[in-house]
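Colleague: I have a structure I would like to understand better, so I am pasting it below and will then ask my questions one at a time.
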Amino acid sequence: MKYRGAGYVFTASSGTGKSTHAFLWQRYLGRAAHILSGDKPVISGGGECGSSVTVWGSPWGGKERIFENGSAPLRGVCLIERGRTCAIERVEAAEFLETMLRQTFMPSEDPAATRTLEVVDAVLANVPLWRLTCDISEDAVLTSFEALTGLDYDACRVGE
């Protein structure tokens, strides 16, 4: 997801609602919200890139076949879990490591595997990590949007 030049990644197990949540951002935030990749965004950073982490659209557009040729500085990674109410909390890197590795394509040969681990390390060290428990509602968008962006949802929301 890209919103006003900043990138956000929603991650979860298959079927949890990543795409649905991204579509809700588009519905309530309008053209300022873009889906960079419907399935597997590319993330770069770490190593020679230092602490700068960038998310890129990729041709793996998921079942919706949504992808955009673009990029944005990665400003948040959000693990989505289904729930009856909406709540979000910051997560420490140690808590997020297993999820991050499970969701990362890991090459079997060096130096690609080493480089991939450098990117994972850069994300864990430099990007805010969140756990969102939510349903499929506007409140889910409000909850994630305000935490991830630091912006006031009502000021950014567009009419339907």
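Chain labels A, B, ... are given in the sequence in which chains occur in the structure tokens; within each chain residues are numbered consecutively from 1, and ligands are likewise numbered from 1 in the order shown.
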What are the closest atom pairs, with distances in Å to one decimal, for all residues of range 58-126 of chain A lying within 6 Å of range 5-22 of chain A? Consider only C-alpha atoms, order rows by chain and residue number, and present the result as a Markdown table.
Modeller:
| residue | atom | partner | partner_atom | distance |
| --- | --- | --- | --- | --- |
| A:Ala72 | CA | A:Gly7 | CA | 4.9 |
| A:Pro73 | CA | A:Gly7 | CA | 5.5 |
| A:Leu74 | CA | A:Gly7 | CA | 4.5 |
| A:Arg75 | CA | A:Gly7 | CA | 5.6 |
| A:Gly76 | CA | A:Tyr8 | CA | 4.9 |
| A:Val77 | CA | A:Val9 | CA | 4.7 |
| A:Cys78 | CA | A:Phe10 | CA | 4.8 |
| A:Leu79 | CA | A:Thr11 | CA | 4.9 |
| A:Ile80 | CA | A:Ala12 | CA | 5.4 |
Colleague: For range 132-146 of chain A, find every residue with an atom within 7 Å (counting only C-alpha atoms), except residues of its own chain fewer than 3 positions away, and show them as a list in words.
Modeller: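 Listing them by chain and then by number gives Leu24, Trp25, Cys78, Leu79, Ile80, Glu81, Arg82, Gly83, Arg84, Thr85, Cys86, Ala87, Ile88, Glu89, Thr149, Gly150, Leu151, Asp152 and Tyr153 of chain A.
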Colleague: Only N, CA, C and O atoms, please: the residues just picked out, written as a PDB file, in the first residue's frame.
Modeller:
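And here's part-v1.pdb as it stands now:
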ATOM      1  N   LEU A  24     -10.235  -1.533   1.439  1.00  0.00           N
ATOM      2  CA  LEU A  24     -10.943  -0.614   2.333  1.00  0.00           C
ATOM      3  C   LEU A  24     -10.200   0.716   2.441  1.00  0.00           C
ATOM      4  O   LEU A  24     -10.833   1.775   2.491  1.00  0.00           O
ATOM      5  N   TRP A  25      -8.856   0.675   2.475  1.00  0.00           N
ATOM      6  CA  TRP A  25      -8.092   1.927   2.463  1.00  0.00           C
ATOM      7  C   TRP A  25      -8.449   2.717   1.213  1.00  0.00           C
ATOM      8  O   TRP A  25      -8.679   3.925   1.282  1.00  0.00           O
ATOM      9  N   CYS A  78       2.399  -4.143   8.974  1.00  0.00           N
ATOM     10  CA  CYS A  78       1.255  -4.421   9.825  1.00  0.00           C
ATOM     11  C   CYS A  78       0.790  -5.854   9.640  1.00  0.00           C
ATOM     12  O   CYS A  78       0.372  -6.234   8.546  1.00  0.00           O
ATOM     13  N   LEU A  79       0.868  -6.640  10.702  1.00  0.00           N
ATOM     14  CA  LEU A  79       0.355  -8.002  10.714  1.00  0.00           C
ATOM     15  C   LEU A  79      -1.132  -7.937  11.023  1.00  0.00           C
ATOM     16  O   LEU A  79      -1.531  -7.388  12.055  1.00  0.00           O
ATOM     17  N   ILE A  80      -1.945  -8.487  10.120  1.00  0.00           N
ATOM     18  CA  ILE A  80      -3.394  -8.447  10.291  1.00  0.00           C
ATOM     19  C   ILE A  80      -3.880  -9.774  10.860  1.00  0.00           C
ATOM     20  O   ILE A  80      -3.511 -10.844  10.376  1.00  0.00           O
ATOM     21  N   GLU A  81      -4.712  -9.676  11.889  1.00  0.00           N
ATOM     22  CA  GLU A  81      -5.383 -10.832  12.474  1.00  0.00           C
ATOM     23  C   GLU A  81      -6.874 -10.523  12.540  1.00  0.00           C
ATOM     24  O   GLU A  81      -7.260  -9.384  12.819  1.00  0.00           O
ATOM     25  N   ARG A  82      -7.693 -11.505  12.278  1.00  0.00           N
ATOM     26  CA  ARG A  82      -9.134 -11.304  12.362  1.00  0.00           C
ATOM     27  C   ARG A  82      -9.583 -11.168  13.810  1.00  0.00           C
ATOM     28  O   ARG A  82      -9.061 -11.830  14.696  1.00  0.00           O
ATOM     29  N   GLY A  83     -10.568 -10.297  14.002  1.00  0.00           N
ATOM     30  CA  GLY A  83     -11.127 -10.110  15.336  1.00  0.00           C
ATOM     31  C   GLY A  83     -12.513  -9.505  15.250  1.00  0.00           C
ATOM     32  O   GLY A  83     -12.935  -9.045  14.191  1.00  0.00           O
ATOM     33  N   ARG A  84     -13.205  -9.485  16.369  1.00  0.00           N
ATOM     34  CA  ARG A  84     -14.556  -8.911  16.415  1.00  0.00           C
ATOM     35  C   ARG A  84     -14.519  -7.403  16.634  1.00  0.00           C
ATOM     36  O   ARG A  84     -15.469  -6.705  16.315  1.00  0.00           O
ATOM     37  N   THR A  85     -13.426  -6.927  17.218  1.00  0.00           N
ATOM     38  CA  THR A  85     -13.238  -5.496  17.428  1.00  0.00           C
ATOM     39  C   THR A  85     -11.901  -5.099  16.809  1.00  0.00           C
ATOM     40  O   THR A  85     -11.083  -5.945  16.473  1.00  0.00           O
ATOM     41  N   CYS A  86     -11.682  -3.804  16.684  1.00  0.00           N
ATOM     42  CA  CYS A  86     -10.467  -3.296  16.053  1.00  0.00           C
ATOM     43  C   CYS A  86      -9.523  -2.720  17.101  1.00  0.00           C
ATOM     44  O   CYS A  86      -9.923  -1.885  17.915  1.00  0.00           O
ATOM     45  N   ALA A  87      -8.284  -3.185  17.051  1.00  0.00           N
ATOM     46  CA  ALA A  87      -7.251  -2.682  17.960  1.00  0.00           C
ATOM     47  C   ALA A  87      -5.902  -2.859  17.276  1.00  0.00           C
ATOM     48  O   ALA A  87      -5.714  -3.770  16.472  1.00  0.00           O
ATOM     49  N   ILE A  88      -4.968  -1.971  17.594  1.00  0.00           N
ATOM     50  CA  ILE A  88      -3.634  -2.052  17.007  1.00  0.00           C
ATOM     51  C   ILE A  88      -2.601  -1.794  18.091  1.00  0.00           C
ATOM     52  O   ILE A  88      -2.849  -1.004  19.010  1.00  0.00           O
ATOM     53  N   GLU A  89      -1.476  -2.495  17.995  1.00  0.00           N
ATOM     54  CA  GLU A  89      -0.401  -2.301  18.961  1.00  0.00           C
ATOM     55  C   GLU A  89       0.941  -2.423  18.254  1.00  0.00           C
ATOM     56  O   GLU A  89       1.071  -3.141  17.264  1.00  0.00           O
ATOM     57  N   THR A 149       0.136   5.931   9.907  1.00  0.00           N
ATOM     58  CA  THR A 149       0.521   7.191   9.267  1.00  0.00           C
ATOM     59  C   THR A 149       0.733   8.332  10.255  1.00  0.00           C
ATOM     60  O   THR A 149       1.416   9.306   9.922  1.00  0.00           O
ATOM     61  N   GLY A 150       0.107   8.255  11.422  1.00  0.00           N
ATOM     62  CA  GLY A 150       0.158   9.370  12.370  1.00  0.00           C
ATOM     63  C   GLY A 150      -0.754  10.517  11.969  1.00  0.00           C
ATOM     64  O   GLY A 150      -0.709  11.588  12.574  1.00  0.00           O
ATOM     65  N   LEU A 151      -1.595  10.304  10.965  1.00  0.00           N
ATOM     66  CA  LEU A 151      -2.500  11.342  10.474  1.00  0.00           C
ATOM     67  C   LEU A 151      -3.901  11.153  11.045  1.00  0.00           C
ATOM     68  O   LEU A 151      -4.285  10.063  11.446  1.00  0.00           O
ATOM     69  N   ASP A 152      -4.683  12.228  11.026  1.00  0.00           N
ATOM     70  CA  ASP A 152      -6.062  12.182  11.468  1.00  0.00           C
ATOM     71  C   ASP A 152      -6.930  11.592  10.355  1.00  0.00           C
ATOM     72  O   ASP A 152      -6.987  12.146   9.249  1.00  0.00           O
ATOM     73  N   TYR A 153      -7.589  10.495  10.649  1.00  0.00           N
ATOM     74  CA  TYR A 153      -8.394   9.801   9.643  1.00  0.00           C
ATOM     75  C   TYR A 153      -9.519  10.684   9.094  1.00  0.00           C
ATOM     76  O   TYR A 153      -9.705  10.769   7.877  1.00  0.00           O
TER      77      TYR A 153
END
Colleague: Could you pull out the alpha helix (DSSP H) residues of chain A from DSSP and send them as number ranges by chain?
Modeller: A: 18-29, 93-102, 112-126, 138-149, 153-156
Colleague: Find the distance between CA of Ile35 in chain A and CA of Glu92 in chain A and write it in Å to one decimal.
Modeller: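 Taking CA of Ile35 in chain A as the start and CA of Glu92 in chain A as the end point, the length is 25.8 Å.
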Colleague: From the options A:Pro59, A:Pro107, A:Gly30, A:Gly38, which residue's atoms come nearest to Arg4 in chain A, counting only C-alpha atoms?
Modeller: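 Among the listed residues, the smallest separation from Arg4 in chain A belongs to A:Gly30.
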Colleague: Of the residues A:Ala112, A:Leu148, A:Glu118, A:Val127, which is the one nearest to Phe96 in chain A, using only C-alpha atoms?
Modeller: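 Nearest to Phe96 in chain A: A:Val127.
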